[in-house]
file input_1.txt (compact mmCIF, C-alpha atoms)
# COMPACT_ATOMS: atom_id res chain seq x y z
CA MET A 27 76.09 4.26 -47.08
CA GLN A 28 74.74 0.82 -47.64
CA SER A 29 71.77 0.59 -49.96
CA ARG A 30 69.09 -1.88 -49.22
CA GLU A 31 66.99 -3.21 -52.01
CA THR A 32 63.50 -4.00 -51.02
CA THR A 33 60.83 -5.60 -53.08
CA PRO A 34 57.66 -3.56 -52.93
CA GLU A 35 54.70 -5.38 -51.54
CA PRO A 36 52.15 -6.09 -54.27
CA LEU A 37 48.91 -4.31 -53.88
CA GLU A 38 46.34 -6.69 -52.60
CA LEU A 39 42.60 -6.37 -52.55
CA THR A 40 41.03 -8.21 -49.69
CA VAL A 41 37.44 -9.28 -49.88
CA ASP A 42 36.31 -9.60 -46.30
CA SER A 43 32.59 -9.70 -46.50
CA ILE A 44 30.27 -11.76 -48.63
CA TYR A 45 28.76 -8.41 -49.56
CA ASP A 46 32.09 -7.22 -51.00
CA LYS A 47 32.12 -10.04 -53.54
CA ALA A 48 28.99 -9.86 -55.56
CA LEU A 49 27.71 -9.79 -59.08
CA ILE A 50 24.72 -7.60 -58.47
CA ILE A 51 21.68 -8.13 -60.65
CA ARG A 52 18.31 -6.54 -59.97
CA PRO A 53 14.86 -7.51 -61.26
CA ARG A 54 12.98 -4.90 -63.25
CA LEU A 55 9.73 -4.80 -65.14
CA PRO A 56 10.37 -5.74 -68.77
CA LEU A 57 10.50 -2.96 -71.34
CA ILE A 58 10.45 -4.42 -74.83
CA ASP A 59 7.09 -4.75 -76.54
CA GLY A 60 6.23 -7.55 -78.93
CA ILE A 61 9.03 -10.13 -78.74
CA PHE A 62 7.32 -13.52 -79.22
CA ASP A 63 4.05 -11.56 -79.42
CA VAL A 64 4.23 -10.74 -75.71
CA ARG A 65 3.35 -7.21 -74.61
CA ALA A 66 5.89 -5.17 -72.65
CA ASP A 67 3.81 -5.26 -69.46
CA THR A 68 3.18 -9.02 -69.58
CA LEU A 69 5.19 -11.29 -67.29
CA ILE A 70 3.31 -14.57 -67.70
CA ALA A 71 1.26 -15.48 -70.77
CA SER A 72 -0.03 -18.81 -72.08
CA HIS A 73 -0.23 -19.37 -75.83
CA THR A 74 -1.65 -22.13 -77.96
CA PRO A 75 0.53 -23.36 -80.84
CA HIS A 76 1.28 -20.63 -83.35
CA SER A 77 3.42 -19.91 -86.37
CA ARG A 78 7.18 -20.13 -86.34
CA ILE A 79 9.28 -17.47 -84.61
CA PRO A 80 13.08 -17.92 -84.61
CA GLU A 81 14.53 -18.74 -81.15
CA HIS A 82 11.04 -19.79 -79.99
CA LEU A 83 11.54 -23.55 -79.79
CA HIS A 84 8.11 -24.38 -78.43
CA ASP A 85 5.94 -22.27 -80.71
CA HIS A 86 4.32 -25.44 -82.09
CA LEU A 87 3.23 -26.67 -78.62
CA PRO A 88 0.97 -25.20 -75.94
CA HIS A 89 3.37 -23.09 -73.89
CA MET A 90 3.56 -20.46 -71.18
CA HIS A 91 5.87 -17.49 -71.55
CA ILE A 92 7.83 -16.52 -68.44
CA ARG A 93 9.34 -13.12 -68.81
CA TYR A 94 10.98 -10.40 -66.70
CA GLY A 95 13.39 -7.53 -67.03
CA PHE A 96 16.64 -7.08 -65.16
CA GLU A 97 19.43 -4.60 -64.60
CA ILE A 98 23.11 -5.24 -63.95
CA PRO A 99 24.32 -1.91 -62.55
CA PRO A 100 27.90 -0.65 -62.92
CA GLN A 101 30.05 -2.41 -60.34
CA SER A 102 33.67 -3.30 -59.66
CA LEU A 103 33.25 -7.11 -59.63
CA ALA A 104 35.93 -7.07 -56.94
CA GLY A 105 37.04 -10.58 -56.09
CA ILE A 106 35.39 -12.15 -59.14
CA ASP A 107 37.74 -13.62 -61.75
CA ALA A 108 35.03 -15.30 -63.81
CA ALA A 109 31.38 -16.20 -63.39
CA ALA A 110 28.48 -17.98 -64.98
CA LEU A 111 25.13 -16.30 -64.48
CA GLU A 112 22.41 -18.46 -62.98
CA VAL A 113 18.63 -18.45 -63.02
CA ALA A 114 16.12 -20.81 -61.48
CA MET A 115 12.35 -20.69 -61.81
CA LEU A 116 9.69 -22.40 -59.75
CA VAL A 117 7.46 -24.25 -62.20
CA GLN A 118 5.07 -27.18 -62.08
CA VAL A 119 6.61 -30.66 -62.28
CA ALA A 120 4.57 -31.45 -65.39
CA HIS A 121 6.38 -28.60 -67.16
CA ARG A 122 9.88 -28.06 -68.42
CA VAL A 123 11.44 -24.78 -69.41
CA ASP A 124 13.41 -23.71 -72.45
CA CYS A 125 15.53 -20.60 -71.96
CA ASN A 126 15.77 -18.04 -74.72
CA PRO A 127 18.67 -15.66 -75.09
CA ILE A 128 18.62 -12.34 -73.26
CA PHE A 129 17.12 -9.63 -75.41
CA VAL A 130 18.09 -5.97 -75.50
CA ALA A 131 15.80 -4.80 -78.30
CA ARG A 132 13.10 -6.01 -80.63
CA GLY A 133 14.18 -7.34 -84.00
CA PRO A 134 12.18 -7.88 -87.19
CA SER A 135 8.64 -9.13 -86.69
CA SER A 136 8.35 -10.86 -83.30
CA THR A 137 12.02 -11.64 -82.78
CA GLY A 138 14.51 -10.16 -80.33
CA ILE A 139 18.05 -8.80 -80.54
CA CYS A 140 20.33 -10.77 -78.24
CA LEU A 141 22.65 -9.42 -75.57
CA LYS A 142 26.23 -10.39 -76.36
CA ILE A 143 28.93 -11.06 -73.81
CA ALA A 144 32.40 -12.14 -74.93
CA ASN A 145 31.28 -11.53 -78.51
CA GLN A 146 28.55 -14.20 -78.47
CA ASP A 147 24.86 -14.36 -77.71
CA VAL A 148 24.11 -15.27 -74.11
CA HIS A 149 22.40 -18.67 -73.96
CA TRP A 150 21.44 -21.00 -71.12
CA VAL A 151 21.82 -24.68 -70.30
CA HIS A 152 19.93 -26.77 -67.73
CA ASN A 153 21.73 -27.28 -64.45
CA ASP A 154 20.22 -29.35 -61.67
CA ASP A 155 22.67 -27.96 -59.09
CA VAL A 156 21.33 -24.46 -59.71
CA GLY A 157 17.82 -25.78 -59.11
CA ARG A 158 18.94 -27.39 -55.85
CA LYS A 159 20.77 -24.21 -54.81
CA ALA A 160 17.64 -22.12 -55.41
CA THR A 161 15.58 -24.61 -53.38
CA GLU A 162 17.97 -24.34 -50.43
CA LEU A 163 18.11 -20.55 -50.60
CA PHE A 164 14.33 -20.37 -50.88
CA GLU A 165 13.82 -22.69 -47.91
CA ALA A 166 16.36 -20.68 -45.90
CA THR A 167 13.84 -17.84 -46.02
CA GLY A 168 11.37 -20.00 -44.10
CA ARG A 169 9.26 -20.92 -47.11
CA GLN A 170 8.70 -24.33 -48.66
CA VAL A 171 8.62 -25.30 -52.30
CA PRO A 172 4.94 -26.14 -52.84
CA GLU A 173 3.93 -29.72 -53.61
CA GLY A 174 3.94 -30.27 -57.36
CA TYR A 175 6.55 -27.58 -58.11
CA TYR A 176 10.34 -27.55 -58.55
CA PHE A 177 13.07 -25.04 -59.24
CA SER A 178 14.29 -25.53 -62.80
CA GLY A 179 17.87 -24.24 -62.85
CA PHE A 180 20.05 -22.88 -65.65
CA GLN A 181 23.54 -21.48 -66.15
CA THR A 182 24.88 -19.40 -69.00
CA SER A 183 26.10 -21.61 -71.82
CA ASP A 184 27.76 -21.85 -75.19
CA VAL A 185 25.54 -21.02 -78.16
CA GLU A 186 24.70 -24.71 -78.64
CA GLU A 187 23.22 -24.78 -75.12
CA ARG A 188 25.21 -27.87 -74.15
CA ARG A 189 28.06 -26.64 -71.94
CA VAL A 190 28.30 -24.09 -69.13
CA TRP A 191 29.98 -20.86 -70.17
CA ARG A 192 31.78 -18.78 -67.54
CA TYR A 193 32.53 -15.21 -68.53
CA SER A 194 35.81 -13.60 -67.50
CA ARG A 195 35.73 -10.53 -65.29
CA GLU A 196 36.90 -8.44 -68.26
CA ASP A 197 34.13 -9.78 -70.48
CA LEU A 198 31.56 -9.01 -67.80
CA LEU A 199 32.89 -5.50 -67.17
CA ARG A 200 32.82 -4.74 -70.91
CA ALA A 201 29.25 -6.01 -71.22
CA ILE A 202 28.03 -4.17 -68.12
CA GLY A 203 29.68 -0.89 -69.02
CA ARG A 204 27.60 1.87 -67.47
CA GLY A 205 24.85 -0.62 -66.71
CA VAL A 206 22.91 -3.25 -68.63
CA ARG A 207 19.15 -3.27 -68.93
CA ALA A 208 17.56 -6.26 -70.71
CA ASP A 209 14.56 -8.57 -70.92
CA GLN A 210 14.67 -12.31 -70.37
CA HIS A 211 12.23 -14.76 -71.96
CA PHE A 212 11.59 -18.40 -71.11
CA GLN A 213 8.95 -20.83 -72.32
CA ALA A 214 7.45 -23.61 -70.20
CA THR A 215 5.81 -26.46 -72.05
CA TRP A 216 4.40 -29.85 -71.11
CA ARG A 217 7.23 -32.27 -70.28
CA GLU A 218 5.31 -34.83 -72.35
CA PRO A 219 3.68 -32.74 -75.07
CA ARG A 220 -0.10 -32.64 -75.10
CA GLU A 221 -2.77 -30.47 -76.62
CA ASP A 222 -4.03 -28.94 -73.37
CA PHE A 223 -3.67 -25.22 -72.79
CA ILE A 224 -1.36 -24.37 -69.85
CA SER A 225 -3.26 -22.37 -67.26
CA PRO A 226 -1.00 -19.46 -66.33
CA TYR A 227 0.38 -19.38 -62.78
CA ASP A 228 2.76 -17.33 -60.64
CA VAL A 229 6.44 -18.15 -61.14
CA ILE A 230 9.13 -17.34 -58.57
CA ILE A 231 12.53 -16.52 -60.05
CA CYS A 232 15.94 -16.78 -58.40
CA LEU A 233 18.87 -14.93 -59.97
CA SER A 234 22.41 -15.72 -58.84
CA ASP A 235 25.88 -16.59 -60.12
CA ASP A 236 28.47 -19.28 -59.47
CA ALA A 237 31.17 -16.97 -58.10
CA SER A 238 29.51 -15.07 -55.29
CA SER A 239 26.73 -15.58 -52.81
CA PHE A 240 24.62 -12.73 -54.18
CA HIS A 241 21.10 -13.82 -55.11
CA THR A 242 17.66 -12.35 -55.41
CA PHE A 243 14.15 -13.79 -55.50
CA PHE A 244 11.08 -12.25 -57.07
CA ARG A 245 7.63 -13.36 -58.16
CA LEU A 246 6.13 -13.03 -61.62
CA GLN A 247 2.38 -12.91 -61.88
CA PRO A 248 0.04 -13.41 -64.83
CA THR A 249 -1.26 -9.91 -64.11
CA VAL A 250 1.14 -7.26 -62.88
CA SER A 251 0.29 -6.04 -59.39
CA LEU A 252 -1.00 -2.54 -59.00
CA GLY A 253 1.02 -0.23 -56.82
CA ALA A 254 4.71 -0.05 -56.10
CA PHE A 255 6.74 -2.75 -57.82
CA MET B 3 -7.16 -48.35 -74.20
CA THR B 4 -7.51 -47.96 -77.93
CA THR B 5 -4.51 -46.82 -79.89
CA PRO B 6 -5.22 -43.68 -81.91
CA LYS B 7 -4.73 -43.80 -85.67
CA GLY B 8 -2.83 -41.06 -87.39
CA GLU B 9 -2.23 -39.93 -90.94
CA VAL B 10 0.73 -41.42 -92.75
CA ILE B 11 2.91 -38.52 -93.83
CA GLU B 12 6.43 -37.91 -95.04
CA ILE B 13 8.68 -35.96 -92.72
CA HIS B 14 11.81 -34.11 -93.78
CA GLY B 15 14.43 -33.41 -91.17
CA GLU B 16 17.78 -34.23 -89.71
CA LEU B 17 18.61 -37.20 -87.50
CA LEU B 18 20.23 -36.11 -84.22
CA GLY B 19 20.29 -39.35 -82.26
CA VAL B 20 19.02 -42.91 -81.92
CA ARG B 21 18.07 -45.30 -79.17
CA ARG B 22 19.11 -48.96 -79.39
CA PHE B 23 18.63 -51.94 -77.11
CA ASP B 24 22.43 -52.33 -77.17
CA PRO B 25 25.27 -50.64 -79.10
CA ASN B 26 25.06 -53.12 -82.00
CA GLY B 27 21.37 -53.83 -81.66
CA GLU B 28 18.48 -52.64 -83.69
CA CYS B 29 17.44 -49.05 -83.54
CA THR B 30 14.19 -48.62 -81.58
CA ALA B 31 13.72 -44.86 -81.76
CA GLU B 32 15.10 -41.87 -83.63
CA ILE B 33 15.30 -38.22 -82.58
CA VAL B 34 14.61 -35.97 -85.53
CA ARG B 35 14.57 -32.20 -85.98
CA VAL B 36 12.03 -31.19 -88.62
CA ILE B 37 13.36 -28.87 -91.30
CA ARG B 38 10.23 -28.47 -93.42
CA GLU B 39 6.95 -27.02 -92.19
CA GLU B 40 4.20 -29.62 -92.66
CA ARG B 41 1.37 -28.15 -90.62
CA PRO B 42 -1.57 -28.64 -90.56
CA ILE B 43 -1.19 -32.27 -91.62
CA GLY B 44 2.28 -32.81 -90.18
CA PRO B 45 4.85 -31.41 -87.76
CA ALA B 46 6.06 -27.83 -87.42
CA GLU B 47 9.38 -26.66 -88.78
CA ASN B 48 12.15 -26.90 -86.15
CA ALA B 49 10.11 -29.23 -83.90
CA LEU B 50 11.87 -32.19 -82.31
CA LEU B 51 10.19 -35.57 -82.76
CA VAL B 52 10.70 -39.07 -81.52
CA VAL B 53 10.16 -41.61 -84.29
CA GLU B 54 9.44 -45.05 -82.89
CA LEU B 55 10.32 -48.05 -85.06
CA LEU B 56 7.59 -50.64 -84.70
CA SER B 57 9.00 -52.80 -87.49
CA PRO B 58 11.52 -52.16 -90.26
CA SER B 59 8.73 -50.72 -92.39
CA THR B 60 6.42 -49.20 -89.76
CA LYS B 61 7.23 -46.03 -87.90
CA ARG B 62 5.20 -43.59 -85.86
CA ALA B 63 6.21 -40.12 -84.72
CA ARG B 64 5.20 -37.62 -82.05
CA TYR B 65 6.38 -34.32 -80.61
CA ILE B 66 8.79 -34.22 -77.67
CA SER B 67 9.70 -31.20 -75.56
CA TRP B 68 13.42 -31.70 -76.14
CA ILE B 69 15.53 -28.86 -77.46
CA GLY B 70 18.52 -30.60 -79.11
CA TYR B 71 21.69 -32.54 -78.38
CA TYR B 72 21.60 -31.52 -74.72
CA ASP B 73 18.57 -33.73 -74.13
CA ILE B 74 20.12 -36.74 -75.87
CA GLU B 75 23.21 -36.33 -73.70
CA GLU B 76 20.92 -36.20 -70.66
CA ALA B 77 19.22 -39.39 -71.87
CA GLN B 78 22.67 -41.02 -72.13
CA THR B 79 23.22 -40.40 -68.43
CA VAL B 80 19.78 -41.76 -67.51
CA GLU B 81 19.97 -44.81 -69.79
CA PRO B 82 23.70 -45.50 -70.32
CA GLY B 83 24.45 -47.47 -73.46
CA ALA B 84 21.05 -46.92 -75.02
CA TRP B 85 21.34 -43.49 -76.64
CA PHE B 86 23.70 -42.43 -79.42
CA LEU B 87 24.38 -39.01 -80.85
CA ILE B 88 24.43 -38.51 -84.61
CA GLU B 89 26.76 -35.55 -84.90
CA PRO B 90 26.82 -33.83 -87.30
CA PRO B 91 23.18 -34.64 -88.02
CA ARG B 92 22.22 -36.73 -91.04
CA ALA B 93 19.56 -35.85 -93.60
CA TYR B 94 16.36 -37.72 -92.77
CA GLN B 95 13.27 -38.41 -94.85
CA CYS B 96 10.73 -41.02 -93.92
CA LEU B 97 7.09 -42.07 -94.01
CA VAL B 98 5.60 -42.17 -90.52
CA GLU B 99 2.25 -42.41 -88.85
CA TRP B 100 1.85 -38.93 -87.38
CA LEU B 101 0.40 -38.81 -83.85
CA PRO B 102 1.55 -35.39 -82.63
CA PHE B 103 0.54 -35.83 -79.00
CA GLY B 104 1.34 -39.50 -78.60
CA TRP B 105 -0.20 -42.89 -78.75
CA THR B 106 -0.86 -43.74 -75.10
CA GLU B 107 -1.00 -41.86 -71.83
CA MET B 108 2.37 -42.86 -70.40
CA GLN B 109 5.34 -42.74 -72.71
CA LEU B 110 7.96 -40.87 -70.78
CA LEU B 111 11.36 -40.53 -72.34
CA PRO B 112 14.36 -39.74 -70.13
CA ASN B 113 13.70 -36.11 -69.51
CA HIS B 114 15.31 -33.30 -67.57
CA TRP B 115 13.85 -32.53 -64.15

call {"tool": "encode", "arguments": {"input": "input_1.txt", "output": "structure tokens"}}
result
Amino acid sequence: MQSRETTPEPLELTVDSIYDKALIIRPRLPLIDGIFDVRADTLIASHTPHSRIPEHLHDHLPHMHIRYGFEIPPQSLAGIDAAALEVAMLVQVAHRVDCNPIFVARGPSSTGICLKIANQDVHWVHNDDVGRKATELFEATGRQVPEGYYFSGFQTSDVEERRVWRYSREDLLRAIGRGVRADQHFQATWREPREDFISPYDVIICLSDDASSFHTFFRLQPTVSLGAF
Amino acid sequence: MTTPKGEVIEIHGELLGVRRFDPNGECTAEIVRVIREERPIGPAENALLVVELLSPSTKRARYISWIGYYDIEEAQTVEPGAWFLIEPPRAYQCLVEWLPFGWTEMQLLPNHW
């Protein structure tokens, strides 16, 4: 009897739908009280200059805190080899935004404990393409970016906040585990510093990544809406 | 428009970058991170300043909204050949006229949109 050697076909995972390939991230109300002297239920808050808080680069200038919570639920990350997380926020053109690390707990005084992925704190770097992407996605919903506003975009970065950092699928799976729940802080300040207080305003956030088409929009308000959220 | 007058103070920091008219030309501005808290008469610890050189012996400083080397690299793309990184940063100590929120209305530096 003649034996025939056959090479087994490698198992292959096909990703057919844009919904199969997604890094799912969901907005949540923030949970952690007191980081940067912002209450847990506060999404938008304007502060005048105050004393130094580590990681708070604009504490010496009038600034507006932009803050939300989010959840990355357990997921397979099928079809994703690596990804940088992305965020864009709709702010006034006279303002620019500094991104703080993602916080998972409150630290000493008014500081936060950072989320780590790939053994380093998650930081953010400006990225104009992410801002443009958010604008296109927003306008695809039939809405227009209001006059005097722009989407300020960011991608995850190295700790120096100079270069984009893409996390491997393994790093992401380890960090997500059975689900990640964290708070994100940003600070908007005057592009050209001035003494004027920043009147708080609604900020629309877009969360996405650079490996899939998953994205989500939500609106932060100076006062949290009553009712279902 | 009248130019505001500020206090002359000594700032202590680290020099992150400079702006020149050309690579070998005179320095016209310096980007400095403050390492010593000087409020209320001077800048806050960790603030980034632009120090403008009016003459070899006259400097004035104000706050900028920049966050570090990223912004100087951005400025290099907006004004090629004008901005230079000082990396690692150099110790910096200097007398300046301190005008925290600027000296005229319009003084935009290359800035991220």

call {"tool": "closest_atom_pairs", "arguments": {"input": "input_1.txt", "of": "chain B", "to": "chain A", "cutoff": "12 Å", "atoms": "only C-alpha atoms", "output": "JSON lines"}}
result
{"residue": "B:Arg35", "atom": "CA", "partner": "A:Leu83", "partner_atom": "CA", "distance": 11.1}
{"residue": "B:Val36", "atom": "CA", "partner": "A:His86", "partner_atom": "CA", "distance": 11.6}
{"residue": "B:Ile37", "atom": "CA", "partner": "A:Arg78", "partner_atom": "CA", "distance": 11.8}
{"residue": "B:Arg38", "atom": "CA", "partner": "A:Arg78", "partner_atom": "CA", "distance": 11.4}
{"residue": "B:Glu39", "atom": "CA", "partner": "A:Arg78", "partner_atom": "CA", "distance": 9.0}
{"residue": "B:Glu40", "atom": "CA", "partner": "A:His86", "partner_atom": "CA", "distance": 11.4}
{"residue": "B:Arg41", "atom": "CA", "partner": "A:His86", "partner_atom": "CA", "distance": 9.4}
{"residue": "B:Pro42", "atom": "CA", "partner": "A:His86", "partner_atom": "CA", "distance": 10.8}
{"residue": "B:Gly44", "atom": "CA", "partner": "A:His86", "partner_atom": "CA", "distance": 11.1}
{"residue": "B:Pro45", "atom": "CA", "partner": "A:His86", "partner_atom": "CA", "distance": 8.3}
{"residue": "B:Ala46", "atom": "CA", "partner": "A:His86", "partner_atom": "CA", "distance": 6.1}
{"residue": "B:Glu47", "atom": "CA", "partner": "A:Arg78", "partner_atom": "CA", "distance": 7.3}
{"residue": "B:Asn48", "atom": "CA", "partner": "A:Leu83", "partner_atom": "CA", "distance": 7.2}
{"residue": "B:Ala49", "atom": "CA", "partner": "A:His86", "partner_atom": "CA", "distance": 7.2}
{"residue": "B:Leu50", "atom": "CA", "partner": "A:Leu83", "partner_atom": "CA", "distance": 9.0}
{"residue": "B:Leu51", "atom": "CA", "partner": "A:Pro219", "partner_atom": "CA", "distance": 10.5}
{"residue": "B:Val52", "atom": "CA", "partner": "A:Pro219", "partner_atom": "CA", "distance": 11.4}
{"residue": "B:Arg64", "atom": "CA", "partner": "A:Pro219", "partner_atom": "CA", "distance": 8.7}
{"residue": "B:Tyr65", "atom": "CA", "partner": "A:Pro219", "partner_atom": "CA", "distance": 6.4}
{"residue": "B:Ile66", "atom": "CA", "partner": "A:Pro219", "partner_atom": "CA", "distance": 5.9}
{"residue": "B:Ser67", "atom": "CA", "partner": "A:Arg217", "partner_atom": "CA", "distance": 5.9}
{"residue": "B:Trp68", "atom": "CA", "partner": "A:Arg217", "partner_atom": "CA", "distance": 8.5}
{"residue": "B:Ile69", "atom": "CA", "partner": "A:Leu83", "partner_atom": "CA", "distance": 7.0}
{"residue": "B:Gly70", "atom": "CA", "partner": "A:Glu187", "partner_atom": "CA", "distance": 8.5}
{"residue": "B:Tyr71", "atom": "CA", "partner": "A:Arg188", "partner_atom": "CA", "distance": 7.2}
{"residue": "B:Tyr72", "atom": "CA", "partner": "A:Arg188", "partner_atom": "CA", "distance": 5.2}
{"residue": "B:Asp73", "atom": "CA", "partner": "A:Arg188", "partner_atom": "CA", "distance": 8.9}
{"residue": "B:Ile74", "atom": "CA", "partner": "A:Arg188", "partner_atom": "CA", "distance": 10.4}
{"residue": "B:Glu75", "atom": "CA", "partner": "A:Arg188", "partner_atom": "CA", "distance": 8.7}
{"residue": "B:Glu76", "atom": "CA", "partner": "A:His152", "partner_atom": "CA", "distance": 9.9}
{"residue": "B:Leu101", "atom": "CA", "partner": "A:Arg220", "partner_atom": "CA", "distance": 10.7}
{"residue": "B:Pro102", "atom": "CA", "partner": "A:Arg220", "partner_atom": "CA", "distance": 8.2}
{"residue": "B:Phe103", "atom": "CA", "partner": "A:Arg220", "partner_atom": "CA", "distance": 5.1}
{"residue": "B:Gly104", "atom": "CA", "partner": "A:Arg220", "partner_atom": "CA", "distance": 7.8}
{"residue": "B:Trp105", "atom": "CA", "partner": "A:Arg220", "partner_atom": "CA", "distance": 10.9}
{"residue": "B:Thr106", "atom": "CA", "partner": "A:Arg220", "partner_atom": "CA", "distance": 11.1}
{"residue": "B:Glu107", "atom": "CA", "partner": "A:Glu218", "partner_atom": "CA", "distance": 9.5}
{"residue": "B:Met108", "atom": "CA", "partner": "A:Glu218", "partner_atom": "CA", "distance": 8.8}
{"residue": "B:Gln109", "atom": "CA", "partner": "A:Glu218", "partner_atom": "CA", "distance": 7.9}
{"residue": "B:Leu110", "atom": "CA", "partner": "A:Glu218", "partner_atom": "CA", "distance": 6.8}
{"residue": "B:Leu111", "atom": "CA", "partner": "A:Glu218", "partner_atom": "CA", "distance": 8.3}
{"residue": "B:Pro112", "atom": "CA", "partner": "A:Arg217", "partner_atom": "CA", "distance": 10.3}
{"residue": "B:Asn113", "atom": "CA", "partner": "A:Arg217", "partner_atom": "CA", "distance": 7.6}
{"residue": "B:His114", "atom": "CA", "partner": "A:Arg122", "partner_atom": "CA", "distance": 7.6}
{"residue": "B:Trp115", "atom": "CA", "partner": "A:Ser178", "partner_atom": "CA", "distance": 7.1}

call {"tool": "closest_residue", "arguments": {"input": "input_1.txt", "among": "B:Val10, B:Cys29, B:Leu18, B:Leu56", "to": "Glu99 of chain B", "atoms": "all atoms listed in the file"}}
result
B:Val10

call {"tool": "residues_around", "arguments": {"input": "input_1.txt", "residues": "segment 30-32 of chain B", "least_positions_apart": "6", "cutoff": "8 Å", "atoms": "all atoms listed in the file", "output": "list in words"}}
result
Leu17, Leu18, Gly19, Val20, Arg21, Arg22, Phe23, Val52, Val53, Glu54, Leu55 and Leu56 of chain B

call {"tool": "write_last_selection", "arguments": {"input": "input_1.txt", "atoms": "C-alpha atoms", "output": "PDB file, keeping the file's coordinate frame"}}
result
ATOM      1  CA  LEU B  17      18.610 -37.200 -87.500  1.00  0.00           C
ATOM      2  CA  LEU B  18      20.230 -36.110 -84.220  1.00  0.00           C
ATOM      3  CA  GLY B  19      20.290 -39.350 -82.260  1.00  0.00           C
ATOM      4  CA  VAL B  20      19.020 -42.910 -81.920  1.00  0.00           C
ATOM      5  CA  ARG B  21      18.070 -45.300 -79.170  1.00  0.00           C
ATOM      6  CA  ARG B  22      19.110 -48.960 -79.390  1.00  0.00           C
ATOM      7  CA  PHE B  23      18.630 -51.940 -77.110  1.00  0.00           C
ATOM      8  CA  VAL B  52      10.700 -39.070 -81.520  1.00  0.00           C
ATOM      9  CA  VAL B  53      10.160 -41.610 -84.290  1.00  0.00           C
ATOM     10  CA  GLU B  54       9.440 -45.050 -82.890  1.00  0.00           C
ATOM     11  CA  LEU B  55      10.320 -48.050 -85.060  1.00  0.00           C
ATOM     12  CA  LEU B  56       7.590 -50.640 -84.700  1.00  0.00           C
TER      13      LEU B  56
END

call {"tool": "atom_distance", "arguments": {"input": "input_1.txt", "atom1": "atom CA of Ala237 of chain A", "atom2": "atom CA of Ile106 of chain A"}}
result
6.5 Å

call {"tool": "atom_distance", "arguments": {"input": "input_1.txt", "atom1": "atom CA of Glu89 of chain B", "atom2": "atom CA of Ile11 of chain B"}}
result
25.6 Å

call {"tool": "atom_distance", "arguments": {"input": "input_1.txt", "atom1": "atom CA of Asp228 of chain A", "atom2": "atom CA of Glu97 of chain A"}}
result
21.3 Å

call {"tool": "residues_around", "arguments": {"input": "input_1.txt", "residues": "Ile70 of chain A", "least_positions_apart": "5", "cutoff": "6 Å", "atoms": "only C-alpha atoms", "output": "PDB file with C-alpha atoms, in the coordinates of the input"}}
result
ATOM      1  CA  HIS A  91       5.870 -17.490 -71.550  1.00  0.00           C
ATOM      2  CA  ILE A  92       7.830 -16.520 -68.440  1.00  0.00           C
ATOM      3  CA  PRO A 248       0.040 -13.410 -64.830  1.00  0.00           C
TER       4      PRO A 248
END

call {"tool": "residues_around", "arguments": {"input": "input_1.txt", "residues": "Gln101 of chain A", "least_positions_apart": "2", "cutoff": "9 Å", "atoms": "all atoms listed in the file", "output": "short mmCIF file (atom, residue, chain, number, x, y, z; two decimals) with C-alpha atoms, in the frame of the given file"}}
result
data_model
loop_
_atom_site.label_atom_id
_atom_site.label_comp_id
_atom_site.auth_asym_id
_atom_site.auth_seq_id
_atom_site.Cartn_x
_atom_site.Cartn_y
_atom_site.Cartn_z
CA ALA A 48 28.99 -9.86 -55.56
CA LEU A 49 27.71 -9.79 -59.08
CA ILE A 50 24.72 -7.60 -58.47
CA ILE A 98 23.11 -5.24 -63.95
CA PRO A 99 24.32 -1.91 -62.55
CA LEU A 103 33.25 -7.11 -59.63
CA ALA A 104 35.93 -7.07 -56.94
CA LEU A 199 32.89 -5.50 -67.17
CA ILE A 202 28.03 -4.17 -68.12
CA GLY A 203 29.68 -0.89 -69.02
CA ARG A 204 27.60 1.87 -67.47
CA GLY A 205 24.85 -0.62 -66.71
#

call {"tool": "residues_near_point", "arguments": {"input": "input_1.txt", "point": "(5.7, -4.2, -76.9)", "cutoff": "12 Å", "atoms": "only C-alpha atoms", "output": "VMD selection string"}}
result
chain A and resid 56 to 69 131 to 133 135 to 138 209
